[in-house]
Amino acid sequence: MTTEEESTTTPADPPGGPRRSAGRAVAGRLSWGLADQAVSSMTNFAVGAFVARSLGVTAFGVFSLAWLTYGLVLNIARGLATDPLMVRFSGVPEPLWRAAAARSSGTALAIGSSLGAGCVLVGLGLGGRIGPAFACLGLALPALLLQDSRRFAFFAAGAGRKAFTNDLVQGVALVPAMVVAARVNSVAAFLLAWGAAAAVAAGYGFLQSGIRPRVSAARGWLREQRDLGSRYLAENVSLSGAGQLRAYGLGAIVGVGAVGTVRGAELLLGPFLALLMGLSLVTVAEAARVLRQASRRLGRFCLRLGGGQAVAALLWGGALLLMPDRLGELVLGDVWHSSKELIVPATLGVAGAGLGSGAAAGLRALAAARRSLRCQLFASACYLGGGLGGAALAGTAGSAWGVAAATACGSAVWWQQLRAALREHHRNPVPETEDDTPEVRTT
């Protein structure tokens, strides 16, 4: 497929030959990926910080519960709809990509609509402070998941510039939406504003690609991708489910305000958390290209990827420790004073997760779904046990330190499994799927 990033040609290879040219192409795609994640990070950070400053710790805790529920639904959609797209349709001919993107985005929209309806019903039944937030989240979910699927599709095609532009449109649309929500000054209003901005960006995604989501093809997509999708679903749900259970458990053990405190610390590390959340937008597709072109380089690519993220997270955390209280209050308001105590364990947790994410990208590129599922189940169990065990022993701070220790253990297991998967691939270079399906499907 021809994209902005791939359409420029030169009369001859530059000094250093095709390898240097290929390296520049990889750097270009990764650069657009980093730029896109920067926009996504700032958008998520702006929403969270605006709510924290406007509503205080308790209401921010309610917002955080809705946010974590969104993360769970998002990972369901990614596991079933867009993760298989990234593994099997990255760098394929344009007709195959367009057909797969239409079916994948249709599946994401169908998931958002069905689970969104469930959230609305749950919200109406709950009432109180939490009920309206969940009801409005349900209304926003279809647009949020459709916009996310557009980003995946663009990165699978190597069109990172289009994904960046789409996220930029969402960020711009969010500004007036948040101004209106601030007048209402409720969690529900902020969630609706967030969904409205996503709807604008999803519509712009159609103008960019001309691809309509084929909701009617969702069942066929799920059936054809079930060998990877079922495992990626279990993997993603275990990740988000552990986070959600930790939040609910922390609220029960310490109080809802503790959930807001933890979320505030996460917001301070927002650029890297958003990068990890959207990791597969760039790295899985890029790792798949490395695997096809020179499989022996995949391990080094993943090590540079994970190590770079870990070092960057540590540097950012060090900068946060030096941030004056006045600036922290400007960003998070009253939430800052409790969240700043969690900067060190939160930073170590993000660094550990960043290191492990490099190995996770390699396992996804190898289609080693069995191994990646085992890793994620182990990591999620450690996360939940560390988060709740630490909360029971030492409150909010204990939960943060428990999670930091858990991510270090999980990262070690990810890398051990990647090494084993690479050895197997070099002996027998066939993707690990349940029924030996080909890497690219043409249906």
# chains A, B, ... in the order shown; residues from 1 in each chain; ligands from 1

call {"tool": "residues_around", "arguments": {"residues": "Tyr383 (chain A)", "least_positions_apart": "6", "cutoff": "9 Å", "atoms": "only C-alpha atoms", "output": "list in words"}}
result
Leu239, Ala242, Gly243, Arg246, Gly402, Val403, Ala404, Ala405, Ala406, Thr407 and Gly410 of chain A

call {"tool": "write_last_selection", "arguments": {"atoms": "C-alpha atoms", "output": "PDB file, in the first residue's frame"}}
result
ATOM      1  CA  LEU A 239      -4.478  -7.348  32.224  1.00  0.00           C
ATOM      2  CA  ALA A 242      -6.504  -7.208  37.259  1.00  0.00           C
ATOM      3  CA  GLY A 243      -6.307  -3.409  37.173  1.00  0.00           C
ATOM      4  CA  ARG A 246      -7.222  -3.866  42.185  1.00  0.00           C
ATOM      5  CA  GLY A 402       3.318  -4.329  45.697  1.00  0.00           C
ATOM      6  CA  VAL A 403       2.528  -3.469  42.090  1.00  0.00           C
ATOM      7  CA  ALA A 404       6.116  -2.338  41.470  1.00  0.00           C
ATOM      8  CA  ALA A 405       7.445  -5.698  42.690  1.00  0.00           C
ATOM      9  CA  ALA A 406       4.841  -7.543  40.629  1.00  0.00           C
ATOM     10  CA  THR A 407       5.796  -5.821  37.363  1.00  0.00           C
ATOM     11  CA  GLY A 410       6.230 -10.254  35.249  1.00  0.00           C
TER      12      GLY A 410
END

call {"tool": "residues_around", "arguments": {"residues": "Arg296 (chain A)", "least_positions_apart": "2", "cutoff": "12 Å", "atoms": "only C-alpha atoms", "output": "tab-separated table (two decimals) with N, CA and C atoms, in the first residue's frame"}}
result
chain	number	residue	atom	x	y	z
A	287	ALA	N	7.73	-5.08	14.76
A	287	ALA	CA	8.38	-6.35	15.07
A	287	ALA	C	8.03	-7.41	14.03
A	290	VAL	N	10.30	-6.79	11.13
A	290	VAL	CA	11.65	-7.27	11.44
A	290	VAL	C	11.71	-8.78	11.32
A	291	LEU	N	10.68	-9.45	11.81
A	291	LEU	CA	10.65	-10.91	11.74
A	291	LEU	C	10.65	-11.41	10.31
A	292	ARG	N	9.88	-10.74	9.43
A	292	ARG	CA	9.82	-11.18	8.04
A	292	ARG	C	11.13	-10.90	7.31
A	293	GLN	N	11.79	-9.79	7.66
A	293	GLN	CA	12.98	-9.38	6.91
A	293	GLN	C	14.26	-10.01	7.44
A	294	ALA	N	14.39	-10.13	8.75
A	294	ALA	CA	15.62	-10.69	9.34
A	294	ALA	C	15.28	-11.16	10.75
A	298	LEU	N	15.24	-9.90	15.68
A	298	LEU	CA	14.04	-9.59	16.46
A	298	LEU	C	14.36	-9.43	17.95
A	299	GLY	N	15.18	-10.30	18.51
A	299	GLY	CA	15.52	-10.22	19.93
A	299	GLY	C	16.18	-8.89	20.28
A	300	ARG	N	17.14	-8.45	19.46
A	300	ARG	CA	17.81	-7.19	19.72
A	300	ARG	C	16.85	-6.01	19.59
A	301	PHE	N	15.95	-6.09	18.59
A	301	PHE	CA	14.96	-5.03	18.41
A	301	PHE	C	14.08	-4.90	19.65
A	302	CYS	N	13.61	-6.03	20.19
A	302	CYS	CA	12.74	-6.01	21.36
A	302	CYS	C	13.48	-5.52	22.60
A	362	GLY	N	7.57	-8.85	20.82
A	362	GLY	CA	8.19	-9.95	20.09
A	362	GLY	C	7.33	-11.19	20.05
A	419	ARG	N	12.74	-15.59	24.76
A	419	ARG	CA	13.95	-16.35	24.41
A	419	ARG	C	13.60	-17.76	23.96
A	422	LEU	N	11.92	-17.59	20.47
A	422	LEU	CA	12.89	-17.34	19.40
A	422	LEU	C	13.68	-18.58	19.06
A	423	ARG	N	14.07	-19.36	20.07
A	423	ARG	CA	14.77	-20.62	19.79
A	423	ARG	C	13.90	-21.56	18.97
A	425	HIS	N	11.41	-20.70	16.98
A	425	HIS	CA	11.22	-20.15	15.64
A	425	HIS	C	12.42	-20.41	14.75
A	426	HIS	N	13.62	-20.28	15.29
A	426	HIS	CA	14.81	-20.50	14.47
A	426	HIS	C	14.95	-21.97	14.06
A	427	ARG	N	14.40	-22.86	14.89
A	427	ARG	CA	14.41	-24.29	14.51
A	427	ARG	C	13.31	-24.60	13.51
A	429	PRO	N	10.48	-22.13	11.67
A	429	PRO	CA	9.87	-20.81	11.54
A	429	PRO	C	8.41	-20.84	11.11

call {"tool": "residues_around", "arguments": {"residues": "Gly71 (chain A)", "least_positions_apart": "5", "cutoff": "10 Å", "atoms": "only C-alpha atoms", "output": "count of residues only"}}
result
12

call {"tool": "residues_around", "arguments": {"residues": "Ala313 (chain A)", "least_positions_apart": "6", "cutoff": "10 Å", "atoms": "only C-alpha atoms", "output": "list in words"}}
result
Leu269, Pro271, Phe272, Leu273, Gly307, Ala319, Ala346, Thr347, Leu348, Gly349, Val350, Ala351, Gly352, Ala353, Gly354 and Leu355 of chain A

call {"tool": "write_last_selection", "arguments": {"atoms": "all heavy atoms", "output": "short mmCIF file (atom, residue, chain, number, x, y, z; two decimals), in the first residue's frame"}}
result
data_model
loop_
_atom_site.label_atom_id
_atom_site.label_comp_id
_atom_site.auth_asym_id
_atom_site.auth_seq_id
_atom_site.Cartn_x
_atom_site.Cartn_y
_atom_site.Cartn_z
N LEU A 269 2.62 9.98 35.45
CA LEU A 269 3.42 9.16 34.54
C LEU A 269 2.65 8.88 33.26
O LEU A 269 2.96 7.94 32.53
CB LEU A 269 3.79 7.84 35.23
CG LEU A 269 4.85 7.99 36.33
CD1 LEU A 269 4.70 6.90 37.37
CD2 LEU A 269 6.23 7.97 35.73
N PRO A 271 2.43 10.00 30.10
CA PRO A 271 3.02 9.75 28.78
C PRO A 271 3.48 8.32 28.58
O PRO A 271 3.31 7.74 27.51
CB PRO A 271 4.20 10.73 28.75
CG PRO A 271 3.78 11.84 29.65
CD PRO A 271 3.01 11.18 30.75
N PHE A 272 4.03 7.71 29.62
CA PHE A 272 4.54 6.35 29.47
C PHE A 272 3.45 5.31 29.64
O PHE A 272 3.47 4.26 28.99
CB PHE A 272 5.68 6.13 30.46
CG PHE A 272 6.82 7.07 30.22
CD1 PHE A 272 6.97 8.20 30.98
CD2 PHE A 272 7.71 6.86 29.18
CE1 PHE A 272 7.99 9.11 30.73
CE2 PHE A 272 8.73 7.75 28.92
CZ PHE A 272 8.87 8.87 29.70
N LEU A 273 2.48 5.56 30.50
CA LEU A 273 1.36 4.63 30.61
C LEU A 273 0.56 4.58 29.32
O LEU A 273 0.14 3.51 28.88
CB LEU A 273 0.46 5.04 31.78
CG LEU A 273 1.07 4.83 33.17
CD1 LEU A 273 0.18 5.46 34.23
CD2 LEU A 273 1.25 3.34 33.44
N GLY A 307 14.12 -1.73 26.74
CA GLY A 307 15.10 -0.99 27.53
C GLY A 307 14.95 0.51 27.39
O GLY A 307 15.07 1.26 28.37
N ALA A 319 12.43 13.33 37.18
CA ALA A 319 12.02 14.72 36.99
C ALA A 319 10.81 15.06 37.86
O ALA A 319 10.71 16.17 38.42
CB ALA A 319 11.71 14.98 35.52
N ALA A 346 5.43 4.05 41.70
CA ALA A 346 4.73 4.09 40.41
C ALA A 346 5.73 4.13 39.26
O ALA A 346 5.54 3.48 38.23
CB ALA A 346 3.80 5.30 40.35
N THR A 347 6.81 4.88 39.42
CA THR A 347 7.84 4.95 38.38
C THR A 347 8.50 3.60 38.17
O THR A 347 8.71 3.16 37.03
CB THR A 347 8.90 6.00 38.76
OG1 THR A 347 8.29 7.28 38.84
CG2 THR A 347 10.01 6.04 37.73
N LEU A 348 8.85 2.92 39.25
CA LEU A 348 9.47 1.60 39.14
C LEU A 348 8.51 0.60 38.47
O LEU A 348 8.94 -0.25 37.68
CB LEU A 348 9.88 1.09 40.51
CG LEU A 348 11.00 1.90 41.21
CD1 LEU A 348 11.25 1.36 42.61
CD2 LEU A 348 12.28 1.85 40.38
N GLY A 349 7.23 0.72 38.79
CA GLY A 349 6.25 -0.17 38.16
C GLY A 349 6.16 0.06 36.66
O GLY A 349 6.12 -0.89 35.87
N VAL A 350 6.13 1.33 36.24
CA VAL A 350 6.05 1.64 34.81
C VAL A 350 7.34 1.22 34.10
O VAL A 350 7.30 0.71 32.97
CB VAL A 350 5.78 3.14 34.60
CG1 VAL A 350 5.86 3.51 33.13
CG2 VAL A 350 4.39 3.49 35.14
N ALA A 351 8.49 1.42 34.74
CA ALA A 351 9.75 0.99 34.13
C ALA A 351 9.78 -0.52 33.93
O ALA A 351 10.21 -1.01 32.87
CB ALA A 351 10.93 1.44 35.00
N GLY A 352 9.31 -1.28 34.93
CA GLY A 352 9.26 -2.72 34.78
C GLY A 352 8.32 -3.16 33.68
O GLY A 352 8.62 -4.06 32.88
N ALA A 353 7.17 -2.51 33.61
CA ALA A 353 6.21 -2.83 32.55
C ALA A 353 6.77 -2.47 31.18
O ALA A 353 6.56 -3.19 30.20
CB ALA A 353 4.90 -2.09 32.79
N GLY A 354 7.49 -1.34 31.10
CA GLY A 354 8.09 -0.95 29.82
C GLY A 354 9.12 -1.95 29.34
O GLY A 354 9.17 -2.28 28.15
N LEU A 355 9.94 -2.45 30.26
CA LEU A 355 10.93 -3.45 29.88
C LEU A 355 10.26 -4.72 29.37
O LEU A 355 10.66 -5.30 28.36
CB LEU A 355 11.82 -3.76 31.09
CG LEU A 355 12.96 -4.75 30.86
CD1 LEU A 355 13.92 -4.23 29.81
CD2 LEU A 355 13.69 -5.03 32.17
#

call {"tool": "select_by_dssp", "arguments": {"residues": "region 197-299 of chain A", "states": "alpha helix (DSSP H)", "output": "number ranges by chain"}}
result
A: 197-209, 218-224, 226-253, 256-268, 270-277, 283-293, 298-299

call {"tool": "residues_around", "arguments": {"residues": "Ala392 (chain A)", "least_positions_apart": "6", "cutoff": "12 Å", "atoms": "only C-alpha atoms", "output": "compact mmCIF listing (two decimals) with N, CA, C and O atoms, in the first residue's frame"}}
result
# COMPACT_ATOMS: atom_id res chain seq x y z
N ARG A 246 -8.07 -4.57 41.21
CA ARG A 246 -7.22 -3.87 42.18
C ARG A 246 -7.88 -2.56 42.62
O ARG A 246 -7.87 -2.22 43.81
N GLY A 249 -10.84 -3.40 44.82
CA GLY A 249 -10.35 -3.89 46.10
C GLY A 249 -9.72 -2.79 46.93
O GLY A 249 -9.92 -2.72 48.16
N LEU A 250 -8.97 -1.90 46.29
CA LEU A 250 -8.35 -0.78 47.00
C LEU A 250 -9.43 0.13 47.57
O LEU A 250 -9.31 0.62 48.70
N GLY A 251 -10.48 0.36 46.79
CA GLY A 251 -11.58 1.18 47.28
C GLY A 251 -12.26 0.54 48.49
O GLY A 251 -12.65 1.24 49.44
N ALA A 252 -12.39 -0.79 48.47
CA ALA A 252 -13.04 -1.49 49.59
C ALA A 252 -12.15 -1.52 50.82
O ALA A 252 -12.62 -1.39 51.95
N ILE A 253 -10.83 -1.69 50.62
CA ILE A 253 -9.91 -1.82 51.75
C ILE A 253 -9.56 -0.46 52.35
O ILE A 253 -9.55 -0.28 53.57
N VAL A 254 -9.24 0.52 51.49
CA VAL A 254 -8.76 1.82 51.97
C VAL A 254 -9.81 2.91 51.81
O VAL A 254 -9.93 3.80 52.66
N GLY A 255 -10.57 2.89 50.69
CA GLY A 255 -11.57 3.92 50.44
C GLY A 255 -11.49 4.40 49.00
O GLY A 255 -10.45 4.26 48.33
N GLY A 385 -2.26 -9.68 43.14
CA GLY A 385 -1.82 -10.09 44.47
C GLY A 385 -0.98 -9.03 45.15
O GLY A 385 -1.15 -8.73 46.34
N GLY A 386 -0.04 -8.43 44.40
CA GLY A 386 0.79 -7.38 44.97
C GLY A 386 0.01 -6.15 45.34
O GLY A 386 0.22 -5.55 46.39
N GLY A 398 1.45 0.81 50.27
CA GLY A 398 1.76 -0.61 50.18
C GLY A 398 1.26 -1.22 48.88
O GLY A 398 1.93 -2.07 48.28
N SER A 399 0.10 -0.78 48.43
CA SER A 399 -0.43 -1.26 47.15
C SER A 399 0.48 -0.86 46.00
O SER A 399 0.76 -1.65 45.10
N ALA A 400 0.97 0.38 46.02
CA ALA A 400 1.86 0.86 44.96
C ALA A 400 3.17 0.08 44.93
O ALA A 400 3.67 -0.30 43.87
N GLY A 402 3.63 -2.96 46.11
CA GLY A 402 3.32 -4.33 45.70
C GLY A 402 3.22 -4.47 44.19
O GLY A 402 3.69 -5.44 43.60

call {"tool": "residues_around", "arguments": {"residues": "Ile343 (chain A)", "least_positions_apart": "2", "cutoff": "10 Å", "atoms": "only C-alpha atoms", "output": "PyMOL selection string"}}
result
chain A and resi 262+264-266+268-269+317-318+320-321+339-341+345-349+397+400

call {"tool": "decode", "arguments": {"residues": "region 100-118 of chain A", "atoms": "N, CA, C and O atoms", "output": "PDB file, in the first residue's frame"}}
result
ATOM      1  N   ALA A 100      -9.630  -6.096   5.461  1.00  0.00           N
ATOM      2  CA  ALA A 100      -9.449  -6.470   6.862  1.00  0.00           C
ATOM      3  C   ALA A 100      -9.757  -5.300   7.785  1.00  0.00           C
ATOM      4  O   ALA A 100     -10.360  -5.484   8.851  1.00  0.00           O
ATOM      5  N   ALA A 101      -9.366  -4.090   7.411  1.00  0.00           N
ATOM      6  CA  ALA A 101      -9.624  -2.917   8.253  1.00  0.00           C
ATOM      7  C   ALA A 101     -11.121  -2.665   8.398  1.00  0.00           C
ATOM      8  O   ALA A 101     -11.598  -2.290   9.482  1.00  0.00           O
ATOM      9  N   ALA A 102     -11.891  -2.849   7.325  1.00  0.00           N
ATOM     10  CA  ALA A 102     -13.336  -2.648   7.399  1.00  0.00           C
ATOM     11  C   ALA A 102     -13.987  -3.646   8.350  1.00  0.00           C
ATOM     12  O   ALA A 102     -14.848  -3.293   9.163  1.00  0.00           O
ATOM     13  N   ARG A 103     -13.542  -4.895   8.265  1.00  0.00           N
ATOM     14  CA  ARG A 103     -14.132  -5.930   9.121  1.00  0.00           C
ATOM     15  C   ARG A 103     -13.680  -5.777  10.569  1.00  0.00           C
ATOM     16  O   ARG A 103     -14.452  -5.971  11.506  1.00  0.00           O
ATOM     17  N   SER A 104     -12.409  -5.408  10.761  1.00  0.00           N
ATOM     18  CA  SER A 104     -11.892  -5.228  12.119  1.00  0.00           C
ATOM     19  C   SER A 104     -12.569  -4.055  12.813  1.00  0.00           C
ATOM     20  O   SER A 104     -12.996  -4.157  13.977  1.00  0.00           O
ATOM     21  N   SER A 105     -12.705  -2.916  12.120  1.00  0.00           N
ATOM     22  CA  SER A 105     -13.362  -1.755  12.734  1.00  0.00           C
ATOM     23  C   SER A 105     -14.842  -2.031  12.972  1.00  0.00           C
ATOM     24  O   SER A 105     -15.419  -1.553  13.960  1.00  0.00           O
ATOM     25  N   GLY A 106     -15.480  -2.795  12.104  1.00  0.00           N
ATOM     26  CA  GLY A 106     -16.869  -3.182  12.329  1.00  0.00           C
ATOM     27  C   GLY A 106     -17.021  -4.039  13.574  1.00  0.00           C
ATOM     28  O   GLY A 106     -17.991  -3.890  14.337  1.00  0.00           O
ATOM     29  N   THR A 107     -16.048  -4.927  13.790  1.00  0.00           N
ATOM     30  CA  THR A 107     -16.069  -5.752  15.002  1.00  0.00           C
ATOM     31  C   THR A 107     -15.895  -4.895  16.243  1.00  0.00           C
ATOM     32  O   THR A 107     -16.590  -5.077  17.251  1.00  0.00           O
ATOM     33  N   ALA A 108     -14.972  -3.920  16.193  1.00  0.00           N
ATOM     34  CA  ALA A 108     -14.771  -3.031  17.333  1.00  0.00           C
ATOM     35  C   ALA A 108     -16.028  -2.222  17.634  1.00  0.00           C
ATOM     36  O   ALA A 108     -16.405  -2.043  18.806  1.00  0.00           O
ATOM     37  N   LEU A 109     -16.703  -1.744  16.587  1.00  0.00           N
ATOM     38  CA  LEU A 109     -17.925  -0.972  16.780  1.00  0.00           C
ATOM     39  C   LEU A 109     -19.033  -1.836  17.377  1.00  0.00           C
ATOM     40  O   LEU A 109     -19.792  -1.390  18.251  1.00  0.00           O
ATOM     41  N   ALA A 110     -19.131  -3.077  16.921  1.00  0.00           N
ATOM     42  CA  ALA A 110     -20.144  -3.981  17.464  1.00  0.00           C
ATOM     43  C   ALA A 110     -19.883  -4.273  18.944  1.00  0.00           C
ATOM     44  O   ALA A 110     -20.815  -4.303  19.762  1.00  0.00           O
ATOM     45  N   ILE A 111     -18.630  -4.470  19.305  1.00  0.00           N
ATOM     46  CA  ILE A 111     -18.291  -4.714  20.706  1.00  0.00           C
ATOM     47  C   ILE A 111     -18.606  -3.484  21.551  1.00  0.00           C
ATOM     48  O   ILE A 111     -19.182  -3.586  22.644  1.00  0.00           O
ATOM     49  N   GLY A 112     -18.241  -2.296  21.048  1.00  0.00           N
ATOM     50  CA  GLY A 112     -18.520  -1.075  21.784  1.00  0.00           C
ATOM     51  C   GLY A 112     -20.006  -0.848  21.990  1.00  0.00           C
ATOM     52  O   GLY A 112     -20.439  -0.406  23.064  1.00  0.00           O
ATOM     53  N   SER A 113     -20.798  -1.161  20.976  1.00  0.00           N
ATOM     54  CA  SER A 113     -22.247  -0.957  21.087  1.00  0.00           C
ATOM     55  C   SER A 113     -22.879  -1.926  22.074  1.00  0.00           C
ATOM     56  O   SER A 113     -23.720  -1.537  22.902  1.00  0.00           O
ATOM     57  N   SER A 114     -22.485  -3.194  22.003  1.00  0.00           N
ATOM     58  CA  SER A 114     -23.101  -4.194  22.879  1.00  0.00           C
ATOM     59  C   SER A 114     -22.676  -4.014  24.333  1.00  0.00           C
ATOM     60  O   SER A 114     -23.520  -4.003  25.243  1.00  0.00           O
ATOM     61  N   LEU A 115     -21.377  -3.838  24.572  1.00  0.00           N
ATOM     62  CA  LEU A 115     -20.922  -3.642  25.951  1.00  0.00           C
ATOM     63  C   LEU A 115     -21.312  -2.265  26.474  1.00  0.00           C
ATOM     64  O   LEU A 115     -21.537  -2.098  27.677  1.00  0.00           O
ATOM     65  N   GLY A 116     -21.402  -1.275  25.563  1.00  0.00           N
ATOM     66  CA  GLY A 116     -21.875   0.034  25.982  1.00  0.00           C
ATOM     67  C   GLY A 116     -23.312  -0.022  26.478  1.00  0.00           C
ATOM     68  O   GLY A 116     -23.661   0.621  27.483  1.00  0.00           O
ATOM     69  N   ALA A 117     -24.140  -0.796  25.793  1.00  0.00           N
ATOM     70  CA  ALA A 117     -25.524  -0.956  26.250  1.00  0.00           C
ATOM     71  C   ALA A 117     -25.560  -1.601  27.628  1.00  0.00           C
ATOM     72  O   ALA A 117     -26.373  -1.226  28.487  1.00  0.00           O
ATOM     73  N   GLY A 118     -24.666  -2.569  27.853  1.00  0.00           N
ATOM     74  CA  GLY A 118     -24.588  -3.192  29.172  1.00  0.00           C
ATOM     75  C   GLY A 118     -24.200  -2.192  30.254  1.00  0.00           C
ATOM     76  O   GLY A 118     -24.753  -2.209  31.362  1.00  0.00           O
TER      77      GLY A 118
END
